file protein_0.pdb (PDB, N, CA and C atoms)
ATOM      1  N   MET A   1      67.341  92.519  99.857
ATOM      2  CA  MET A   1      67.671  93.918  99.737
ATOM      3  C   MET A   1      66.421  94.665  99.297
ATOM      4  N   ALA A   2      66.148  95.754  99.957
ATOM      5  CA  ALA A   2      64.944  96.512  99.644
ATOM      6  C   ALA A   2      65.310  97.844  98.996
ATOM      7  N   ILE A   3      64.920  97.973  97.753
ATOM      8  CA  ILE A   3      65.031  99.233  97.035
ATOM      9  C   ILE A   3      63.651  99.508  96.453
ATOM     10  N   GLN A   4      63.101 100.660  96.787
ATOM     11  CA  GLN A   4      61.795 101.044  96.268
ATOM     12  C   GLN A   4      61.991 102.138  95.234
ATOM     13  N   VAL A   5      61.346 101.983  94.090
ATOM     14  CA  VAL A   5      61.490 102.938  92.994
ATOM     15  C   VAL A   5      60.130 103.540  92.681
ATOM     16  N   SER A   6      60.120 104.855  92.532
ATOM     17  CA  SER A   6      58.898 105.557  92.138
ATOM     18  C   SER A   6      59.270 106.694  91.197
ATOM     19  N   GLU A   7      58.259 107.244  90.560
ATOM     20  CA  GLU A   7      58.446 108.359  89.631
ATOM     21  C   GLU A   7      57.602 109.525  90.118
ATOM     22  N   LYS A   8      58.171 110.730  90.044
ATOM     23  CA  LYS A   8      57.410 111.920  90.414
ATOM     24  C   LYS A   8      57.967 113.106  89.636
ATOM     25  N   ASN A   9      57.115 113.739  88.847
ATOM     26  CA  ASN A   9      57.499 114.921  88.067
ATOM     27  C   ASN A   9      58.737 114.676  87.206
ATOM     28  N   GLY A  10      58.835 113.516  86.590
ATOM     29  CA  GLY A  10      59.957 113.206  85.715
ATOM     30  C   GLY A  10      61.230 112.810  86.428
ATOM     31  N   ILE A  11      61.150 112.627  87.732
ATOM     32  CA  ILE A  11      62.318 112.240  88.533
ATOM     33  C   ILE A  11      62.131 110.806  88.993
ATOM     34  N   THR A  12      63.149 109.976  88.796
ATOM     35  CA  THR A  12      63.136 108.620  89.332
ATOM     36  C   THR A  12      63.651 108.690  90.760
ATOM     37  N   ILE A  13      62.818 108.293  91.699
ATOM     38  CA  ILE A  13      63.165 108.326  93.118
ATOM     39  C   ILE A  13      63.446 106.906  93.575
ATOM     40  N   ILE A  14      64.654 106.693  94.081
ATOM     41  CA  ILE A  14      65.080 105.373  94.544
ATOM     42  C   ILE A  14      65.331 105.449  96.040
ATOM     43  N   ALA A  15      64.541 104.725  96.804
ATOM     44  CA  ALA A  15      64.687 104.696  98.259
ATOM     45  C   ALA A  15      65.389 103.398  98.656
ATOM     46  N   ILE A  16      66.538 103.544  99.270
ATOM     47  CA  ILE A  16      67.292 102.376  99.739
ATOM     48  C   ILE A  16      66.865 102.103 101.171
ATOM     49  N   GLN A  17      66.305 100.930 101.397
ATOM     50  CA  GLN A  17      65.786 100.546 102.707
ATOM     51  C   GLN A  17      66.603  99.376 103.258
ATOM     52  N   ASP A  18      67.898  99.560 103.308
ATOM     53  CA  ASP A  18      68.783  98.469 103.708
ATOM     54  C   ASP A  18      70.114  99.071 104.133
ATOM     55  N   ASP A  19      70.961  98.246 104.724
ATOM     56  CA  ASP A  19      72.319  98.668 105.004
ATOM     57  C   ASP A  19      73.063  98.849 103.688
ATOM     58  N   MET A  20      74.051  99.707 103.697
ATOM     59  CA  MET A  20      74.941  99.856 102.548
ATOM     60  C   MET A  20      76.332  99.431 103.033
ATOM     61  N   THR A  21      76.553  98.128 102.970
ATOM     62  CA  THR A  21      77.787  97.560 103.503
ATOM     63  C   THR A  21      78.395  96.609 102.481
ATOM     64  N   ILE A  22      79.505  96.047 102.833
ATOM     65  CA  ILE A  22      80.182  95.089 101.964
ATOM     66  C   ILE A  22      79.278  93.895 101.644
ATOM     67  N   TYR A  23      78.327  93.613 102.519
ATOM     68  CA  TYR A  23      77.437  92.474 102.326
ATOM     69  C   TYR A  23      76.308  92.759 101.332
ATOM     70  N   THR A  24      76.014  94.029 101.101
ATOM     71  CA  THR A  24      74.907  94.386 100.221
ATOM     72  C   THR A  24      75.327  95.161  98.975
ATOM     73  N   ALA A  25      76.541  95.680  98.945
ATOM     74  CA  ALA A  25      76.975  96.599  97.883
ATOM     75  C   ALA A  25      76.914  95.986  96.487
ATOM     76  N   SER A  26      77.311  94.762  96.326
ATOM     77  CA  SER A  26      77.327  94.143  95.002
ATOM     78  C   SER A  26      75.917  94.030  94.427
ATOM     79  N   GLU A  27      74.993  93.557  95.231
ATOM     80  CA  GLU A  27      73.609  93.427  94.774
ATOM     81  C   GLU A  27      72.981  94.802  94.531
ATOM     82  N   GLN A  28      73.279  95.759  95.410
ATOM     83  CA  GLN A  28      72.750  97.105  95.224
ATOM     84  C   GLN A  28      73.294  97.733  93.937
ATOM     85  N   LYS A  29      74.571  97.536  93.676
ATOM     86  CA  LYS A  29      75.161  98.082  92.448
ATOM     87  C   LYS A  29      74.473  97.499  91.219
ATOM     88  N   ALA A  30      74.244  96.217  91.226
ATOM     89  CA  ALA A  30      73.584  95.572  90.090
ATOM     90  C   ALA A  30      72.180  96.130  89.885
ATOM     91  N   ARG A  31      71.442  96.326  90.962
ATOM     92  CA  ARG A  31      70.068  96.848  90.844
ATOM     93  C   ARG A  31      70.033  98.314  90.454
ATOM     94  N   LEU A  32      70.963  99.103  90.978
ATOM     95  CA  LEU A  32      70.966 100.538  90.719
ATOM     96  C   LEU A  32      71.536 100.895  89.348
ATOM     97  N   SER A  33      72.395 100.056  88.821
ATOM     98  CA  SER A  33      73.065 100.388  87.564
ATOM     99  C   SER A  33      72.095 100.559  86.401
ATOM    100  N   LYS A  34      70.979  99.854  86.416
ATOM    101  CA  LYS A  34      70.039  99.971  85.299
ATOM    102  C   LYS A  34      69.386 101.347  85.230
ATOM    103  N   TYR A  35      69.374 102.086  86.336
ATOM    104  CA  TYR A  35      68.778 103.423  86.338
ATOM    105  C   TYR A  35      69.750 104.494  85.844
ATOM    106  N   LEU A  36      71.008 104.128  85.654
ATOM    107  CA  LEU A  36      72.006 105.091  85.189
ATOM    108  C   LEU A  36      71.985 105.265  83.684
ATOM    109  N   HIS A  37      71.114 104.578  83.005
ATOM    110  CA  HIS A  37      71.011 104.693  81.553
ATOM    111  C   HIS A  37      69.609 105.128  81.145
ATOM    112  N   SER A  38      68.873 105.647  82.112
ATOM    113  CA  SER A  38      67.490 106.025  81.844
ATOM    114  C   SER A  38      67.369 107.415  81.239
ATOM    115  N   GLY A  39      68.439 108.219  81.325
ATOM    116  CA  GLY A  39      68.383 109.574  80.812
ATOM    117  C   GLY A  39      67.524 110.494  81.653
ATOM    118  N   ARG A  40      67.173 110.070  82.827
ATOM    119  CA  ARG A  40      66.286 110.842  83.693
ATOM    120  C   ARG A  40      67.062 111.357  84.900
ATOM    121  N   GLU A  41      66.427 112.226  85.609
ATOM    122  CA  GLU A  41      66.996 112.709  86.863
ATOM    123  C   GLU A  41      66.781 111.634  87.924
ATOM    124  N   LEU A  42      67.811 111.382  88.723
ATOM    125  CA  LEU A  42      67.731 110.379  89.785
ATOM    126  C   LEU A  42      67.844 111.039  91.144
ATOM    127  N   GLN A  43      67.027 110.584  92.060
ATOM    128  CA  GLN A  43      67.085 111.046  93.432
ATOM    129  C   GLN A  43      67.206 109.802  94.310
ATOM    130  N   ILE A  44      68.269 109.732  95.091
ATOM    131  CA  ILE A  44      68.496 108.588  95.967
ATOM    132  C   ILE A  44      68.123 108.991  97.391
ATOM    133  N   ASN A  45      67.095 108.349  97.929
ATOM    134  CA  ASN A  45      66.624 108.605  99.281
ATOM    135  C   ASN A  45      67.370 107.662 100.217
ATOM    136  N   LEU A  46      68.147 108.245 101.135
ATOM    137  CA  LEU A  46      68.998 107.458 102.025
ATOM    138  C   LEU A  46      68.456 107.363 103.453
ATOM    139  N   ALA A  47      67.204 107.733 103.660
ATOM    140  CA  ALA A  47      66.624 107.741 105.006
ATOM    141  C   ALA A  47      66.587 106.352 105.630
ATOM    142  N   GLY A  48      66.459 105.304 104.823
ATOM    143  CA  GLY A  48      66.336 103.948 105.346
ATOM    144  C   GLY A  48      67.648 103.217 105.530
ATOM    145  N   VAL A  49      68.768 103.898 105.353
ATOM    146  CA  VAL A  49      70.083 103.259 105.505
ATOM    147  C   VAL A  49      70.478 103.313 106.976
ATOM    148  N   SER A  50      70.522 102.155 107.622
ATOM    149  CA  SER A  50      70.827 102.121 109.055
ATOM    150  C   SER A  50      72.306 101.872 109.339
ATOM    151  N   GLU A  51      73.022 101.384 108.349
ATOM    152  CA  GLU A  51      74.463 101.149 108.512
ATOM    153  C   GLU A  51      75.141 101.361 107.168
ATOM    154  N   MET A  52      76.319 101.998 107.205
ATOM    155  CA  MET A  52      77.085 102.202 105.980
ATOM    156  C   MET A  52      78.560 102.053 106.298
ATOM    157  N   ASP A  53      79.266 101.317 105.439
ATOM    158  CA  ASP A  53      80.704 101.181 105.588
ATOM    159  C   ASP A  53      81.373 101.702 104.317
ATOM    160  N   SER A  54      82.655 101.420 104.170
ATOM    161  CA  SER A  54      83.389 101.956 103.018
ATOM    162  C   SER A  54      82.871 101.399 101.690
ATOM    163  N   ALA A  55      82.328 100.200 101.679
ATOM    164  CA  ALA A  55      81.760  99.650 100.440
ATOM    165  C   ALA A  55      80.505 100.426 100.047
ATOM    166  N   GLY A  56      79.696 100.808 101.015
ATOM    167  CA  GLY A  56      78.526 101.628 100.739
ATOM    168  C   GLY A  56      78.915 103.007 100.235
ATOM    169  N   LEU A  57      79.960 103.570 100.833
ATOM    170  CA  LEU A  57      80.459 104.862 100.369
ATOM    171  C   LEU A  57      80.983 104.753  98.940
ATOM    172  N   GLN A  58      81.704 103.695  98.639
ATOM    173  CA  GLN A  58      82.203 103.483  97.275
ATOM    174  C   GLN A  58      81.043 103.384  96.283
ATOM    175  N   LEU A  59      79.953 102.771  96.701
ATOM    176  CA  LEU A  59      78.780 102.671  95.833
ATOM    177  C   LEU A  59      78.210 104.059  95.537
ATOM    178  N   LEU A  60      78.122 104.920  96.544
ATOM    179  CA  LEU A  60      77.640 106.277  96.316
ATOM    180  C   LEU A  60      78.578 107.059  95.397
ATOM    181  N   LEU A  61      79.887 106.900  95.606
ATOM    182  CA  LEU A  61      80.859 107.575  94.747
ATOM    183  C   LEU A  61      80.756 107.076  93.311
ATOM    184  N   TRP A  62      80.571 105.786  93.144
ATOM    185  CA  TRP A  62      80.407 105.206  91.802
ATOM    186  C   TRP A  62      79.139 105.729  91.136
ATOM    187  N   LEU A  63      78.033 105.802  91.893
ATOM    188  CA  LEU A  63      76.784 106.332  91.353
ATOM    189  C   LEU A  63      76.969 107.764  90.860
ATOM    190  N   LYS A  64      77.655 108.582  91.649
ATOM    191  CA  LYS A  64      77.885 109.975  91.258
ATOM    192  C   LYS A  64      78.716 110.036  89.976
ATOM    193  N   GLN A  65      79.762 109.232  89.901
ATOM    194  CA  GLN A  65      80.638 109.222  88.726
ATOM    195  C   GLN A  65      79.888 108.761  87.475
ATOM    196  N   GLU A  66      79.155 107.675  87.583
ATOM    197  CA  GLU A  66      78.436 107.136  86.432
ATOM    198  C   GLU A  66      77.300 108.057  85.987
ATOM    199  N   ALA A  67      76.624 108.678  86.932
ATOM    200  CA  ALA A  67      75.569 109.627  86.572
ATOM    201  C   ALA A  67      76.168 110.788  85.776
ATOM    202  N   GLY A  68      77.316 111.274  86.206
ATOM    203  CA  GLY A  68      77.983 112.348  85.484
ATOM    204  C   GLY A  68      78.370 111.951  84.074
ATOM    205  N   ARG A  69      78.856 110.742  83.918
ATOM    206  CA  ARG A  69      79.243 110.239  82.589
ATOM    207  C   ARG A  69      78.046 110.129  81.652
ATOM    208  N   ASN A  70      76.887 109.863  82.215
ATOM    209  CA  ASN A  70      75.677 109.655  81.419
ATOM    210  C   ASN A  70      74.761 110.874  81.386
ATOM    211  N   ASP A  71      75.278 112.024  81.813
ATOM    212  CA  ASP A  71      74.488 113.263  81.841
ATOM    213  C   ASP A  71      73.172 113.116  82.592
ATOM    214  N   ILE A  72      73.227 112.438  83.709
ATOM    215  CA  ILE A  72      72.056 112.263  84.574
ATOM    216  C   ILE A  72      72.290 113.082  85.837
ATOM    217  N   LYS A  73      71.318 113.883  86.194
ATOM    218  CA  LYS A  73      71.423 114.643  87.432
ATOM    219  C   LYS A  73      71.107 113.703  88.590
ATOM    220  N   LEU A  74      72.063 113.573  89.503
ATOM    221  CA  LEU A  74      71.908 112.689  90.660
ATOM    222  C   LEU A  74      71.894 113.531  91.916
ATOM    223  N   SER A  75      70.924 113.287  92.772
ATOM    224  CA  SER A  75      70.911 113.966  94.066
ATOM    225  C   SER A  75      70.650 112.951  95.166
ATOM    226  N   LEU A  76      71.303 113.173  96.287
ATOM    227  CA  LEU A  76      71.114 112.349  97.472
ATOM    228  C   LEU A  76      70.240 113.150  98.433
ATOM    229  N   VAL A  77      69.202 112.509  98.958
ATOM    230  CA  VAL A  77      68.276 113.213  99.844
ATOM    231  C   VAL A  77      68.013 112.387 101.100
ATOM    232  N   ARG A  78      67.533 113.073 102.110
ATOM    233  CA  ARG A  78      67.116 112.459 103.375
ATOM    234  C   ARG A  78      68.185 111.519 103.939
ATOM    235  N   HIS A  79      69.387 112.024 104.044
ATOM    236  CA  HIS A  79      70.516 111.250 104.561
ATOM    237  C   HIS A  79      70.212 110.735 105.964
ATOM    238  N   SER A  80      70.425 109.463 106.189
ATOM    239  CA  SER A  80      70.258 108.918 107.539
ATOM    240  C   SER A  80      71.465 109.312 108.383
ATOM    241  N   GLN A  81      71.339 109.115 109.677
ATOM    242  CA  GLN A  81      72.444 109.426 110.578
ATOM    243  C   GLN A  81      73.679 108.603 110.217
ATOM    244  N   ALA A  82      73.502 107.339 109.854
ATOM    245  CA  ALA A  82      74.639 106.478 109.495
ATOM    246  C   ALA A  82      75.385 107.024 108.284
ATOM    247  N   VAL A  83      74.644 107.523 107.295
ATOM    248  CA  VAL A  83      75.257 108.069 106.087
ATOM    249  C   VAL A  83      76.005 109.354 106.414
ATOM    250  N   VAL A  84      75.378 110.236 107.174
ATOM    251  CA  VAL A  84      76.014 111.507 107.530
ATOM    252  C   VAL A  84      77.295 111.269 108.314
ATOM    253  N   GLU A  85      77.265 110.315 109.225
ATOM    254  CA  GLU A  85      78.458 110.035 110.030
ATOM    255  C   GLU A  85      79.638 109.628 109.149
ATOM    256  N   VAL A  86      79.406 108.774 108.166
ATOM    257  CA  VAL A  86      80.491 108.341 107.278
ATOM    258  C   VAL A  86      80.970 109.503 106.413
ATOM    259  N   LEU A  87      80.040 110.256 105.835
ATOM    260  CA  LEU A  87      80.432 111.385 104.990
ATOM    261  C   LEU A  87      81.210 112.428 105.782
ATOM    262  N   GLU A  88      80.780 112.706 106.999
ATOM    263  CA  GLU A  88      81.474 113.686 107.838
ATOM    264  C   GLU A  88      82.846 113.173 108.284
ATOM    265  N   LEU A  89      82.919 111.904 108.639
ATOM    266  CA  LEU A  89      84.184 111.314 109.077
ATOM    267  C   LEU A  89      85.262 111.465 108.011
ATOM    268  N   LEU A  90      84.862 111.303 106.758
ATOM    269  CA  LEU A  90      85.819 111.359 105.648
ATOM    270  C   LEU A  90      85.811 112.702 104.931
ATOM    271  N   ASN A  91      85.101 113.674 105.492
ATOM    272  CA  ASN A  91      85.039 115.029 104.935
ATOM    273  C   ASN A  91      84.557 115.017 103.481
ATOM    274  N   LEU A  92      83.523 114.223 103.195
ATOM    275  CA  LEU A  92      82.998 114.091 101.837
ATOM    276  C   LEU A  92      81.595 114.657 101.665
ATOM    277  N   THR A  93      81.065 115.287 102.676
ATOM    278  CA  THR A  93      79.707 115.810 102.577
ATOM    279  C   THR A  93      79.582 116.777 101.405
ATOM    280  N   GLY A  94      80.521 117.683 101.251
ATOM    281  CA  GLY A  94      80.486 118.658 100.173
ATOM    282  C   GLY A  94      80.751 118.070  98.803
ATOM    283  N   HIS A  95      81.387 116.912  98.737
ATOM    284  CA  HIS A  95      81.726 116.286  97.457
ATOM    285  C   HIS A  95      80.468 115.987  96.630
ATOM    286  N   PHE A  96      79.406 115.602  97.279
ATOM    287  CA  PHE A  96      78.187 115.245  96.575
ATOM    288  C   PHE A  96      77.351 116.480  96.233
ATOM    289  N   GLY A  97      77.559 117.570  96.953
ATOM    290  CA  GLY A  97      76.885 118.813  96.642
ATOM    291  C   GLY A  97      75.420 118.881  97.022
ATOM    292  N   ASP A  98      74.952 117.962  97.813
ATOM    293  CA  ASP A  98      73.554 117.938  98.226
ATOM    294  C   ASP A  98      73.425 118.480  99.648
ATOM    295  N   PRO A  99      72.358 119.209  99.941
ATOM    296  CA  PRO A  99      72.171 119.677 101.312
ATOM    297  C   PRO A  99      71.941 118.495 102.251
ATOM    298  N   VAL A 100      72.542 118.573 103.420
ATOM    299  CA  VAL A 100      72.382 117.523 104.437
ATOM    300  C   VAL A 100      71.688 118.159 105.637
ATOM    301  N   VAL A 101      70.555 117.598 105.993
ATOM    302  CA  VAL A 101      69.796 118.096 107.130
ATOM    303  C   VAL A 101      70.053 117.166 108.300
ATOM    304  N   ILE A 102      70.500 117.731 109.397
ATOM    305  CA  ILE A 102      70.786 116.935 110.594
ATOM    306  C   ILE A 102      69.584 117.061 111.527
ATOM    307  N   SER A 103      69.028 115.924 111.865
ATOM    308  CA  SER A 103      67.825 115.873 112.695
ATOM    309  C   SER A 103      68.156 116.138 114.158
ATOM    310  N   ALA A 104      67.308 116.880 114.830
ATOM    311  CA  ALA A 104      67.474 117.116 116.267
ATOM    312  C   ALA A 104      67.230 115.845 117.063
ATOM    313  N   ASN A 105      66.625 114.833 116.442
ATOM    314  CA  ASN A 105      66.322 113.582 117.142
ATOM    315  C   ASN A 105      67.484 112.610 117.179
ATOM    316  N   TRP A 106      68.538 112.895 116.426
ATOM    317  CA  TRP A 106      69.673 111.989 116.415
ATOM    318  C   TRP A 106      70.385 112.050 117.751
ATOM    319  N   ASN A 107      70.827 110.902 118.207
ATOM    320  CA  ASN A 107      71.614 110.844 119.442
ATOM    321  C   ASN A 107      73.025 111.278 119.166
ATOM    322  N   ALA A 108      73.626 111.955 120.119
ATOM    323  CA  ALA A 108      75.037 112.342 119.974
ATOM    324  C   ALA A 108      75.878 111.084 120.082
ATOM    325  N   SER A 109      76.851 110.968 119.189
ATOM    326  CA  SER A 109      77.712 109.778 119.196
ATOM    327  C   SER A 109      78.863 109.949 120.141
TER
END

call {"tool": "encode", "arguments": {"input": "protein_0.pdb", "output": "structure tokens"}}
result
Amino acid sequence: MAIQVSEKNGITIIAIQDDMTIYTASEQKARLSKYLHSGRELQINLAGVSEMDSAGLQLLLWLKQEAGRNDIKLSLVRHSQAVVEVLELLNLTGHFGDPVVISANWNAS
């Protein structure tokens, strides 16, 4: 599982470079949970997510809930086409409150 972490202007940036599926969710949750107690702003870069299922969506929902409990500002950025498709299918795009940019390069499904 590839998760890249960097810091910029006091923001912890976490780039997920893997699928967010039932096969990866448990390991991703374990790795991401340690950043929910940092007291810092978190930005999750989803550009590298090529596949997402309901387990991946549950992980994002859990991250949002836990960040709120710990007074951490969480934002999702650079949503991949796979992520947008799941959020749109379930009408959850607005739930996260982050702007979603749809690329003109995406193929119509």

call {"tool": "resolve_selection", "arguments": {"input": "protein_0.pdb", "expression": "the PyMOL selection byres ((chain A and resi 55) around 6.5)", "output": "MDAnalysis selection string"}}
result
chainID A and resid 20:22 25 52:54 56:60

call {"tool": "atom_distance", "arguments": {"input": "protein_0.pdb", "atom1": "atom C of Glu51 in chain A", "atom2": "CA of Leu87 in chain A"}}
result
11.5 Å

call {"tool": "atom_distance", "arguments": {"input": "protein_0.pdb", "atom1": "atom N of Val5 in chain A", "atom2": "CA of Glu88 in chain A"}}
result
27.0 Å

call {"tool": "resolve_selection", "arguments": {"input": "protein_0.pdb", "expression": "the PyMOL selection byres ((chain A and resi 72-78) around 6)", "output": "list of chain:residue names"}}
result
A:Gly39, A:Arg40, A:Glu41, A:Leu42, A:Gln43, A:Ile44, A:Asn45, A:Leu46, A:Ala47, A:Ala67, A:Gly68, A:Arg69, A:Asn70, A:Asp71, A:His79, A:Ser80, A:Asp98

call {"tool": "atom_distance", "arguments": {"input": "protein_0.pdb", "atom1": "CA of Ser38 in chain A", "atom2": "atom C of Leu63 in chain A"}}
result
13.2 Å

call {"tool": "select_by_dssp", "arguments": {"input": "protein_0.pdb", "residues": "chain A", "states": "helix (DSSP H, G or I)", "output": "ChimeraX atom specification"}}
result
/A:25-37,54-69,81-89,93-96

call {"tool": "select_by_dssp", "arguments": {"input": "protein_0.pdb", "residues": "chain A", "states": "strand (DSSP E)", "output": "list in words"}}
result
Ile3, Gln4, Val5, Ser6, Glu7, Lys8, Ile11, Thr12, Ile13, Ile14, Ala15, Ile16, Glu41, Leu42, Gln43, Ile44, Asn45, Leu74, Ser75, Leu76 and Val77 of chain A

call {"tool": "resolve_selection", "arguments": {"input": "protein_0.pdb", "expression": "the PyMOL selection byres ((chain A and resi 2) around 7)", "output": "PyMOL selection string"}}
result
chain A and resi 1+3-4+15-18
